[in-house]
Structure formats: C-alpha cells, structure tokens
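Engineer: What follows is input23.txt; its format and atoms are compact mmCIF, C-alpha atoms.
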```
# COMPACT_ATOMS: atom_id res chain seq x y z
CA MET U 1229 16.55 -3.31 8.09
CA SER U 1230 19.23 -1.24 6.38
CA ILE U 1231 18.10 0.40 3.13
CA THR U 1232 20.88 2.02 1.13
CA ILE U 1233 20.51 5.54 -0.25
CA LYS U 1234 22.44 5.84 -3.49
CA THR U 1235 24.74 8.75 -4.29
CA THR U 1236 24.51 10.70 -7.54
CA ARG U 1237 27.42 8.65 -8.91
CA GLU U 1238 25.79 5.38 -7.91
CA ILE U 1239 22.49 6.41 -9.45
CA ASP U 1240 24.23 7.20 -12.72
CA LEU U 1241 25.84 3.76 -12.78
CA MET U 1242 22.53 2.09 -11.98
CA ARG U 1243 20.91 4.03 -14.83
CA GLN U 1244 23.57 2.72 -17.18
CA SER U 1245 23.10 -0.83 -15.88
CA GLY U 1246 19.34 -0.54 -16.28
CA LYS U 1247 19.49 0.81 -19.83
CA LEU U 1248 21.74 -2.06 -20.90
CA LEU U 1249 19.33 -4.57 -19.39
CA ALA U 1250 16.42 -2.89 -21.19
CA LYS U 1251 18.25 -3.51 -24.49
CA VAL U 1252 18.79 -7.15 -23.56
CA HIS U 1253 15.09 -7.64 -22.79
CA ASP U 1254 14.07 -5.90 -26.01
CA GLU U 1255 16.21 -8.25 -28.09
CA LEU U 1256 15.12 -11.33 -26.16
CA GLY U 1257 11.47 -10.38 -26.63
CA GLN U 1258 11.98 -10.19 -30.39
CA PHE U 1259 13.62 -13.64 -30.32
CA ILE U 1260 10.64 -15.43 -28.74
CA ARG U 1261 8.87 -17.77 -31.16
CA PRO U 1262 7.66 -21.36 -31.36
CA GLY U 1263 10.37 -23.97 -31.91
CA ILE U 1264 13.22 -22.45 -29.90
CA SER U 1265 14.46 -24.00 -26.68
CA THR U 1266 14.64 -22.29 -23.33
CA LYS U 1267 18.41 -22.89 -23.52
CA ASP U 1268 18.52 -20.91 -26.79
CA ILE U 1269 17.04 -17.97 -24.88
CA ASP U 1270 19.60 -18.30 -22.11
CA GLU U 1271 22.52 -18.51 -24.53
CA LEU U 1272 21.37 -15.42 -26.42
CA GLY U 1273 20.76 -13.57 -23.15
CA GLU U 1274 24.26 -14.25 -21.86
CA LYS U 1275 25.77 -13.25 -25.21
CA LEU U 1276 23.85 -9.97 -25.18
CA ILE U 1277 24.71 -9.14 -21.57
CA ARG U 1278 28.41 -9.74 -22.10
CA GLY U 1279 28.33 -7.99 -25.47
CA TYR U 1280 27.02 -4.84 -23.80
CA GLY U 1281 29.84 -4.95 -21.25
CA GLY U 1282 27.85 -6.44 -18.40
CA ILE U 1283 28.14 -9.55 -16.26
CA PRO U 1284 25.13 -11.89 -15.87
CA ASN U 1285 24.24 -11.54 -12.20
CA PHE U 1286 22.04 -14.65 -12.09
CA LEU U 1287 24.73 -17.03 -13.35
CA HIS U 1288 25.96 -19.11 -10.36
CA TYR U 1289 24.01 -16.87 -7.95
CA ASN U 1290 23.45 -19.21 -5.00
CA GLY U 1291 24.20 -21.98 -7.46
CA PHE U 1292 21.71 -21.03 -10.20
CA PRO U 1293 23.11 -22.62 -13.40
CA ALA U 1294 22.04 -20.08 -16.04
CA SER U 1295 22.10 -16.39 -16.95
CA ILE U 1296 18.36 -16.05 -17.65
CA CYS U 1297 15.48 -17.52 -15.67
CA VAL U 1298 13.09 -18.91 -18.30
CA SER U 1299 9.72 -19.93 -16.86
CA VAL U 1300 7.00 -21.43 -19.07
CA ASN U 1301 3.23 -21.47 -18.47
CA GLU U 1302 2.59 -22.58 -14.86
CA GLU U 1303 6.23 -21.89 -13.91
CA VAL U 1304 6.23 -18.71 -11.83
CA VAL U 1305 9.97 -17.97 -11.59
CA HIS U 1306 13.45 -19.49 -11.64
CA GLY U 1307 12.87 -21.88 -14.52
CA ILE U 1308 16.19 -23.52 -15.50
CA PRO U 1309 16.79 -23.37 -19.28
CA THR U 1310 17.36 -26.66 -21.12
CA LYS U 1311 17.79 -27.79 -24.72
CA GLU U 1312 14.90 -30.19 -24.25
CA ARG U 1313 12.26 -27.59 -23.32
CA ILE U 1314 10.90 -26.30 -26.64
CA LEU U 1315 8.47 -23.38 -26.78
CA LYS U 1316 5.15 -24.14 -28.48
CA GLU U 1317 2.47 -21.97 -30.05
CA GLY U 1318 0.17 -20.79 -27.27
CA ASP U 1319 2.74 -20.99 -24.45
CA ILE U 1320 3.56 -18.00 -22.31
CA VAL U 1321 7.14 -17.53 -21.14
CA SER U 1322 8.55 -15.30 -18.40
CA LEU U 1323 12.12 -14.07 -18.72
CA ASP U 1324 13.79 -12.79 -15.56
CA ALA U 1325 17.20 -11.29 -16.27
CA GLY U 1326 19.76 -9.05 -14.64
CA LEU U 1327 23.26 -7.78 -15.12
CA ILE U 1328 26.11 -6.09 -13.30
CA TYR U 1329 27.68 -3.00 -14.85
CA LYS U 1330 30.70 -1.49 -13.11
CA GLY U 1331 29.62 -3.11 -9.86
CA TYR U 1332 25.93 -2.13 -9.99
CA HIS U 1333 23.02 -4.50 -10.50
CA SER U 1334 19.86 -4.19 -12.56
CA ASP U 1335 16.96 -6.65 -12.53
CA ALA U 1336 13.84 -6.90 -14.70
CA ALA U 1337 11.30 -9.48 -15.89
CA ARG U 1338 8.82 -9.73 -18.75
CA THR U 1339 6.22 -12.30 -19.79
CA TYR U 1340 5.66 -12.95 -23.50
CA GLY U 1341 3.17 -14.92 -25.55
CA VAL U 1342 4.61 -17.52 -27.90
CA GLY U 1343 2.86 -17.08 -31.23
CA LYS U 1344 -0.90 -16.79 -30.86
CA ILE U 1345 -2.04 -17.19 -27.26
CA SER U 1346 -5.45 -17.32 -25.60
CA ALA U 1347 -7.28 -14.15 -24.65
CA GLU U 1348 -7.17 -15.32 -21.02
CA CYS U 1349 -3.37 -15.60 -21.06
CA GLN U 1350 -2.98 -12.24 -22.77
CA LYS U 1351 -5.17 -10.62 -20.13
CA LEU U 1352 -3.08 -12.19 -17.36
CA ILE U 1353 0.11 -10.82 -18.94
CA ASP U 1354 -1.40 -7.36 -19.44
CA GLU U 1355 -2.90 -7.03 -15.97
CA THR U 1356 0.28 -8.26 -14.29
CA LYS U 1357 2.17 -5.49 -16.09
CA ASN U 1358 -0.56 -2.98 -15.23
CA SER U 1359 -0.35 -3.95 -11.56
CA PHE U 1360 3.32 -2.93 -11.54
CA PHE U 1361 2.40 0.53 -12.81
CA ALA U 1362 -0.43 0.77 -10.29
CA GLY U 1363 2.06 -0.06 -7.56
CA ILE U 1364 4.72 2.47 -8.46
CA LYS U 1365 2.21 5.30 -8.39
CA ALA U 1366 2.72 4.95 -4.64
CA ALA U 1367 6.53 4.87 -4.89
CA LYS U 1368 7.14 8.45 -3.82
CA ASP U 1369 9.49 10.23 -1.45
CA GLY U 1370 7.88 10.44 1.97
CA GLY U 1371 5.45 7.61 1.29
CA ARG U 1372 5.56 4.17 2.87
CA LEU U 1373 6.98 0.99 1.40
CA TYR U 1374 3.82 -1.04 1.81
CA ASP U 1375 1.83 1.59 -0.06
CA ILE U 1376 3.42 -0.03 -3.12
CA SER U 1377 2.38 -3.50 -1.98
CA ASN U 1378 -1.18 -2.50 -1.24
CA ALA U 1379 -1.58 -0.65 -4.54
CA ILE U 1380 -0.48 -3.73 -6.49
CA ALA U 1381 -2.77 -6.00 -4.49
CA SER U 1382 -5.78 -3.66 -4.76
CA TYR U 1383 -5.37 -3.59 -8.54
CA ILE U 1384 -5.10 -7.38 -8.86
CA ASP U 1385 -8.01 -7.98 -6.47
CA THR U 1386 -10.42 -6.76 -9.14
CA PHE U 1387 -9.51 -9.68 -11.43
CA GLY U 1388 -9.61 -12.53 -8.95
CA TYR U 1389 -6.07 -13.69 -9.71
CA GLY U 1390 -3.77 -15.26 -7.15
CA ILE U 1391 -0.98 -13.03 -5.84
CA VAL U 1392 2.13 -15.08 -5.07
CA ARG U 1393 3.11 -14.56 -1.43
CA ASP U 1394 6.18 -16.79 -1.20
CA LEU U 1395 8.29 -14.50 -3.41
CA VAL U 1396 8.62 -10.73 -3.25
CA GLY U 1397 10.48 -7.74 -4.67
CA HIS U 1398 13.61 -6.30 -3.09
CA GLY U 1399 16.11 -3.52 -2.80
CA ILE U 1400 18.98 -3.55 -5.28
CA GLY U 1401 22.34 -1.85 -5.78
CA THR U 1402 25.84 -3.23 -5.29
CA ALA U 1403 24.08 -6.50 -4.39
CA LEU U 1404 21.29 -8.16 -6.37
CA HIS U 1405 19.14 -8.53 -3.28
CA GLU U 1406 19.25 -5.76 -0.67
CA ASP U 1407 16.79 -4.56 1.95
CA PRO U 1408 13.87 -4.05 1.88
CA GLN U 1409 11.63 -6.91 0.83
CA ILE U 1410 8.63 -5.65 -1.17
CA PRO U 1411 5.51 -7.85 -1.02
CA ASN U 1412 2.93 -7.72 -3.81
CA TYR U 1413 0.05 -8.59 -1.46
CA HIS U 1414 -1.85 -6.57 1.14
CA VAL U 1415 0.17 -5.63 4.23
CA ASP U 1416 -1.44 -4.09 7.31
CA LYS U 1417 1.75 -2.36 8.45
CA LYS U 1418 3.08 0.82 6.86
CA GLY U 1419 6.70 -0.20 6.42
CA PRO U 1420 9.77 2.04 6.10
CA ARG U 1421 9.44 5.55 4.75
CA LEU U 1422 10.55 5.91 1.13
CA GLN U 1423 13.39 8.34 0.45
CA VAL U 1424 15.03 9.91 -2.58
CA GLY U 1425 17.92 7.71 -3.71
CA MET U 1426 16.40 4.33 -2.85
CA THR U 1427 16.54 1.78 -5.66
CA LEU U 1428 13.99 -1.02 -5.64
CA ALA U 1429 13.09 -4.01 -7.80
CA VAL U 1430 9.29 -4.16 -7.87
CA GLU U 1431 8.01 -7.43 -9.35
CA PRO U 1432 4.42 -8.65 -9.24
CA MET U 1433 4.11 -12.43 -9.79
CA ILE U 1434 0.49 -13.21 -10.53
CA ASN U 1435 -1.21 -16.59 -11.01
CA MET U 1436 -4.30 -17.07 -13.13
CA GLY U 1437 -5.71 -19.34 -10.44
CA ARG U 1438 -4.77 -19.75 -6.80
CA ALA U 1439 -1.83 -18.01 -5.15
CA ASP U 1440 -0.31 -21.28 -3.88
CA VAL U 1441 3.04 -22.33 -5.30
CA LYS U 1442 5.42 -25.26 -4.93
CA TRP U 1443 9.09 -25.90 -5.69
CA LEU U 1444 10.10 -28.61 -8.15
CA ASP U 1445 12.74 -31.20 -7.37
CA ASP U 1446 15.49 -29.02 -8.89
CA ASP U 1447 15.00 -26.73 -5.83
CA TRP U 1448 14.77 -23.71 -8.13
CA THR U 1449 11.70 -23.80 -10.34
CA VAL U 1450 8.60 -22.40 -8.63
CA VAL U 1451 5.26 -23.42 -10.15
CA ALA U 1452 1.63 -22.57 -9.57
CA ALA U 1453 0.29 -25.39 -7.43
CA ASP U 1454 -2.92 -25.65 -9.46
CA GLY U 1455 -1.04 -25.88 -12.78
CA LEU U 1456 -2.58 -22.72 -14.24
CA PRO U 1457 -0.46 -20.07 -16.01
CA SER U 1458 1.53 -17.40 -14.16
CA ALA U 1459 2.92 -14.05 -15.30
CA HIS U 1460 5.78 -11.88 -14.01
CA TYR U 1461 6.64 -8.23 -14.61
CA GLU U 1462 9.54 -6.43 -12.96
CA ASN U 1463 11.58 -3.25 -13.21
CA THR U 1464 14.31 -1.62 -11.18
CA ILE U 1465 13.10 1.81 -10.05
CA LEU U 1466 14.59 4.88 -8.37
CA ILE U 1467 12.76 6.96 -5.77
CA THR U 1468 13.04 10.63 -6.75
CA ASP U 1469 11.57 13.89 -5.48
CA GLY U 1470 8.78 13.43 -8.03
CA GLU U 1471 7.56 10.40 -9.96
CA PRO U 1472 9.68 7.24 -9.62
CA GLU U 1473 12.20 6.71 -12.40
CA ILE U 1474 12.07 3.30 -14.09
CA LEU U 1475 15.68 2.38 -14.75
CA THR U 1476 15.10 -0.77 -16.83
CA LEU U 1477 12.90 0.63 -19.60
CA PRO U 1478 14.34 1.81 -22.93
CA ASP U 1479 14.62 5.55 -23.62
```
Could I get this structure in the form of structure tokens?

Structural biologist:
Amino acid sequence: MSITIKTTREIDLMRQSGKLLAKVHDELGQFIRPGISTKDIDELGEKLIRGYGGIPNFLHYNGFPASICVSVNEEVVHGIPTKERILKEGDIVSLDAGLIYKGYHSDAARTYGVGKISAECQKLIDETKNSFFAGIKAAKDGGRLYDISNAIASYIDTFGYGIVRDLVGHGIGTALHEDPQIPNYHVDKKGPRLQVGMTLAVEPMINMGRADVKWLDDDWTVVAADGLPSAHYENTILITDGEPEILTLPD
C-alpha cells in the first residue's frame, strides 16, 4: 500500500478543487424537486463543473457514461442518469459527484429528499451524514486508518441499519481512487498510521435494511438487495496536525 503525502502546493490545489465541488453540490441540492429527470441532474452537474473550470472526473471513468452518479431510493451508488427516470414526491436521491481542477481530484456525495419524505427516510439520511462526522473525529495525525472505520460502524450500530461492505472510501489526489481503501464497517486490524498531508474520501453508504447489495444488469448500479432505501454521504478530507479539514464543504 502506497499512500501519498501531499505537498503544500498540492493541498492548496485540492482545496480549490474541493471548494468548487462544494458549490456544484450546493446548486444541485437546490435543483432537486419532483418532476425532474435524473438526466436533468446530470446535465446541470456537468454544466456547473465545466463552468467553474473543472473537468467531470466520473465521465467515462472506467466507462461510466455520465458526470454525476444519480441513485434513487434503493439504489446505493453509481446510478446512471436517464431522461426516463423522473423523481417523485417522497423519493430520496443520492448524488455522487467529483471534478478535476488543475490535475487534482475532489469527490463528495449527498442524499436529498424529493419534496416531502417519510420520517424514516429523513432519519436514514441524517444518521448517514452523522456517521461521517463520527468517523472523522478519529481522522487525526498519528491515529490509525481503521479508527475511522470503527467509529463510523459503532455510530451506525445503534440504529440497526445495514452498513454496505462491498464498497468503501479511498485515498484521492492526482487520481480519483488512490490507496488506502477505507471501510465503513468494523475492522479488527489497526491499518496504516495516519499522517499530516494525507487526503481521503470518507463515504458511509448505509442501507435502511440489510447490508447486502447487488449489481443491476448495467454493471454499474448497485442496489440494496432487500429493496429498502439507501443513503450516501461523502467528503474529501485532509489530515492535519489538528482536526481534519473537510475540503468539499462550502466556506
């Protein structure tokens, strides 16, 4: 495992990349409403990314055909946007987006309610987000990588949700996916020691029901096997000599 330590210059570029992505997510979140298609979201996302001077890093990545992963209800991640998929009142939709700015990647995900949603779905969205923040409390210089994993899992355990095991977080920098992999479930090992200058994409994917997932015939879309809703929350973070810095949140 080779985990890159970013230089001051690289960190500055990743900050810029992250701030641009935060703006994209903010505008996409405001766009979500019943009656729009998942393709509408993708088209706006690509327009925003390019308008801010970035390059959509998901577009054509390993053959993925869109700039934004748009996953609805039981879809966990990697939903392919289409004109035919129309958001309805009560749906929840996860947007996973990233961009490249001057050679440096950022990656973040959010789950939104479409119109009025059930209390159960809102709680799933809220606790998935909260699990991210529980996890990064352990993201400190000198700590261990799997401290993050175990903190996320310990938080989610109290709600009885399913923690997706087939997909994990990752390092990020000049490549979208770098070492290390960052599970969101309990890990008995300690993992590599965290160091100042590491940049990580931490992304809990939490199912309302069981943890089991399956891939659809498009070979991209991952769904909860029991058909219950799933939520996703992700940010790109920087390990510092104090609290971790979240690079993909607005100022």

Engineer: What is the atom CA of U:Lys1316-atom CA of U:Cys1349 distance in Å, reported with one decimal?

Structural biologist: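 The value is 14.2 Å.
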
Engineer: Need the neighbours of (28.7, -12.2, -7.8): which residues are at most 10 Å away, counting only C-alpha atoms, as a ChimeraX atom specification?

Structural biologist: /U:1283-1290,1328,1331,1333,1402-1404

Engineer: Please indicate the distance in Å from atom CA of U:Ala1325 to atom CA of U:Leu1422, rounded to one decimal place.

Structural biologist: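 Straight-line distance from atom CA of U:Ala1325 to atom CA of U:Leu1422 works out to 25.4 Å.
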
Engineer: Give me the residues near U:Ala1337 as a PDB file with C-alpha atoms, keeping the file's coordinate frame, where near means some atom within 12 Å (using all atoms listed in the file) and where sequence neighbours in that chain fewer than 4 positions away do not count.

Structural biologist:
```pdb
ATOM      1  CA  LEU U1249      19.330  -4.570 -19.390  1.00  0.00           C
ATOM      2  CA  ALA U1250      16.420  -2.890 -21.190  1.00  0.00           C
ATOM      3  CA  VAL U1252      18.790  -7.150 -23.560  1.00  0.00           C
ATOM      4  CA  HIS U1253      15.090  -7.640 -22.790  1.00  0.00           C
ATOM      5  CA  ASP U1254      14.070  -5.900 -26.010  1.00  0.00           C
ATOM      6  CA  LEU U1256      15.120 -11.330 -26.160  1.00  0.00           C
ATOM      7  CA  GLY U1257      11.470 -10.380 -26.630  1.00  0.00           C
ATOM      8  CA  ILE U1296      18.360 -16.050 -17.650  1.00  0.00           C
ATOM      9  CA  CYS U1297      15.480 -17.520 -15.670  1.00  0.00           C
ATOM     10  CA  VAL U1298      13.090 -18.910 -18.300  1.00  0.00           C
ATOM     11  CA  SER U1299       9.720 -19.930 -16.860  1.00  0.00           C
ATOM     12  CA  VAL U1304       6.230 -18.710 -11.830  1.00  0.00           C
ATOM     13  CA  VAL U1305       9.970 -17.970 -11.590  1.00  0.00           C
ATOM     14  CA  HIS U1306      13.450 -19.490 -11.640  1.00  0.00           C
ATOM     15  CA  VAL U1321       7.140 -17.530 -21.140  1.00  0.00           C
ATOM     16  CA  SER U1322       8.550 -15.300 -18.400  1.00  0.00           C
ATOM     17  CA  LEU U1323      12.120 -14.070 -18.720  1.00  0.00           C
ATOM     18  CA  ASP U1324      13.790 -12.790 -15.560  1.00  0.00           C
ATOM     19  CA  ALA U1325      17.200 -11.290 -16.270  1.00  0.00           C
ATOM     20  CA  GLY U1326      19.760  -9.050 -14.640  1.00  0.00           C
ATOM     21  CA  ILE U1353       0.110 -10.820 -18.940  1.00  0.00           C
ATOM     22  CA  THR U1356       0.280  -8.260 -14.290  1.00  0.00           C
ATOM     23  CA  LYS U1357       2.170  -5.490 -16.090  1.00  0.00           C
ATOM     24  CA  PHE U1360       3.320  -2.930 -11.540  1.00  0.00           C
ATOM     25  CA  GLY U1397      10.480  -7.740  -4.670  1.00  0.00           C
ATOM     26  CA  ALA U1429      13.090  -4.010  -7.800  1.00  0.00           C
ATOM     27  CA  VAL U1430       9.290  -4.160  -7.870  1.00  0.00           C
ATOM     28  CA  GLU U1431       8.010  -7.430  -9.350  1.00  0.00           C
ATOM     29  CA  PRO U1432       4.420  -8.650  -9.240  1.00  0.00           C
ATOM     30  CA  MET U1433       4.110 -12.430  -9.790  1.00  0.00           C
ATOM     31  CA  ALA U1459       2.920 -14.050 -15.300  1.00  0.00           C
ATOM     32  CA  HIS U1460       5.780 -11.880 -14.010  1.00  0.00           C
ATOM     33  CA  TYR U1461       6.640  -8.230 -14.610  1.00  0.00           C
ATOM     34  CA  GLU U1462       9.540  -6.430 -12.960  1.00  0.00           C
ATOM     35  CA  ASN U1463      11.580  -3.250 -13.210  1.00  0.00           C
ATOM     36  CA  THR U1464      14.310  -1.620 -11.180  1.00  0.00           C
ATOM     37  CA  THR U1476      15.100  -0.770 -16.830  1.00  0.00           C
ATOM     38  CA  LEU U1477      12.900   0.630 -19.600  1.00  0.00           C
TER      39      LEU U1477
END
```

Engineer: Could you work out how far atom CA of U:Asp1270 lies from atom CA of U:Ser1458, giving the answer in Å with one decimal?

Structural biologist: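 Interatomic distance here is 19.8 Å.
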
Engineer: Pick the closest to U:Arg1261 from U:Gly1343, U:Pro1309, U:Gly1318, U:Gly1363: which is it, counting all atoms listed in the file?

Structural biologist: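 Once distances to U:Arg1261 are computed over all atoms listed in the file, the minimum belongs to U:Gly1343.
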
Engineer: Pick the closest to U:Lys1330 from U:Ile1380, U:Leu1248, U:Ile1264, U:Leu1444: which is it, counting only C-alpha atoms?

Structural biologist: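 Residue with the minimum atom-to-atom distance to U:Lys1330: U:Leu1248.
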
Engineer: Restricting the calculation to only C-alpha atoms: of U:Ser1382, U:Thr1232, U:Gln1244, U:Ser1346, which residue gets closest to U:Asn1358?

Structural biologist: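 Of U:Ser1382, U:Thr1232, U:Gln1244, U:Ser1346, the one nearest U:Asn1358, counting only C-alpha atoms, is U:Ser1382.
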
Engineer: Counting only C-alpha atoms, what is within 8 Å of stretch 1384-1390 of chain U, bar same-chain residues fewer than 5 positions away, as a list in words?

Structural biologist: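 Near neighbours after the sequence-gap exclusion: Glu1355, Thr1356, Ser1359, Ile1434, Asn1435, Met1436, Gly1437, Arg1438, Ala1439 and Asp1440 of chain U.
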
Engineer: Name the residues within 9 Å of (15.2, -7.0, 1.8), counting only C-alpha atoms in the file's coordinates, and put them as a PDB file with C-alpha atoms, in the coordinates of the input.

Structural biologist:
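Result file follows (part-v8.pdb):
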```pdb
ATOM      1  CA  MET U1229      16.550  -3.310   8.090  1.00  0.00           C
ATOM      2  CA  SER U1230      19.230  -1.240   6.380  1.00  0.00           C
ATOM      3  CA  ILE U1231      18.100   0.400   3.130  1.00  0.00           C
ATOM      4  CA  GLY U1397      10.480  -7.740  -4.670  1.00  0.00           C
ATOM      5  CA  HIS U1398      13.610  -6.300  -3.090  1.00  0.00           C
ATOM      6  CA  GLY U1399      16.110  -3.520  -2.800  1.00  0.00           C
ATOM      7  CA  ILE U1400      18.980  -3.550  -5.280  1.00  0.00           C
ATOM      8  CA  HIS U1405      19.140  -8.530  -3.280  1.00  0.00           C
ATOM      9  CA  GLU U1406      19.250  -5.760  -0.670  1.00  0.00           C
ATOM     10  CA  ASP U1407      16.790  -4.560   1.950  1.00  0.00           C
ATOM     11  CA  PRO U1408      13.870  -4.050   1.880  1.00  0.00           C
ATOM     12  CA  GLN U1409      11.630  -6.910   0.830  1.00  0.00           C
ATOM     13  CA  ILE U1410       8.630  -5.650  -1.170  1.00  0.00           C
TER      14      ILE U1410
END
```

Engineer: In terms of the shortest atom-to-atom distance over only C-alpha atoms, which of U:Ile1391, U:Ile1320, U:Ala1381, U:Ile1376 is closest to U:Glu1348?

Structural biologist: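 Once distances to U:Glu1348 are computed over only C-alpha atoms, the minimum belongs to U:Ile1320.
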
Engineer: Could you list, as a ChimeraX atom specification, every residue within 12 Å of U:Glu1471, counting all atoms listed in the file and ignoring same-chain residues fewer than 4 positions away?

Structural biologist: /U:1361,1364-1371,1424,1465-1467

Engineer: Any chance you can output those residues with C-alpha atoms as a short mmCIF file (atom, residue, chain, number, x, y, z; two decimals), in the coordinates of the input?

Structural biologist:
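Heads up, here's the output in out_28.cif:
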```cif
data_model
loop_
_atom_site.label_atom_id
_atom_site.label_comp_id
_atom_site.auth_asym_id
_atom_site.auth_seq_id
_atom_site.Cartn_x
_atom_site.Cartn_y
_atom_site.Cartn_z
CA PHE U 1361 2.40 0.53 -12.81
CA ILE U 1364 4.72 2.47 -8.46
CA LYS U 1365 2.21 5.30 -8.39
CA ALA U 1366 2.72 4.95 -4.64
CA ALA U 1367 6.53 4.87 -4.89
CA LYS U 1368 7.14 8.45 -3.82
CA ASP U 1369 9.49 10.23 -1.45
CA GLY U 1370 7.88 10.44 1.97
CA GLY U 1371 5.45 7.61 1.29
CA VAL U 1424 15.03 9.91 -2.58
CA ILE U 1465 13.10 1.81 -10.05
CA LEU U 1466 14.59 4.88 -8.37
CA ILE U 1467 12.76 6.96 -5.77
#
```
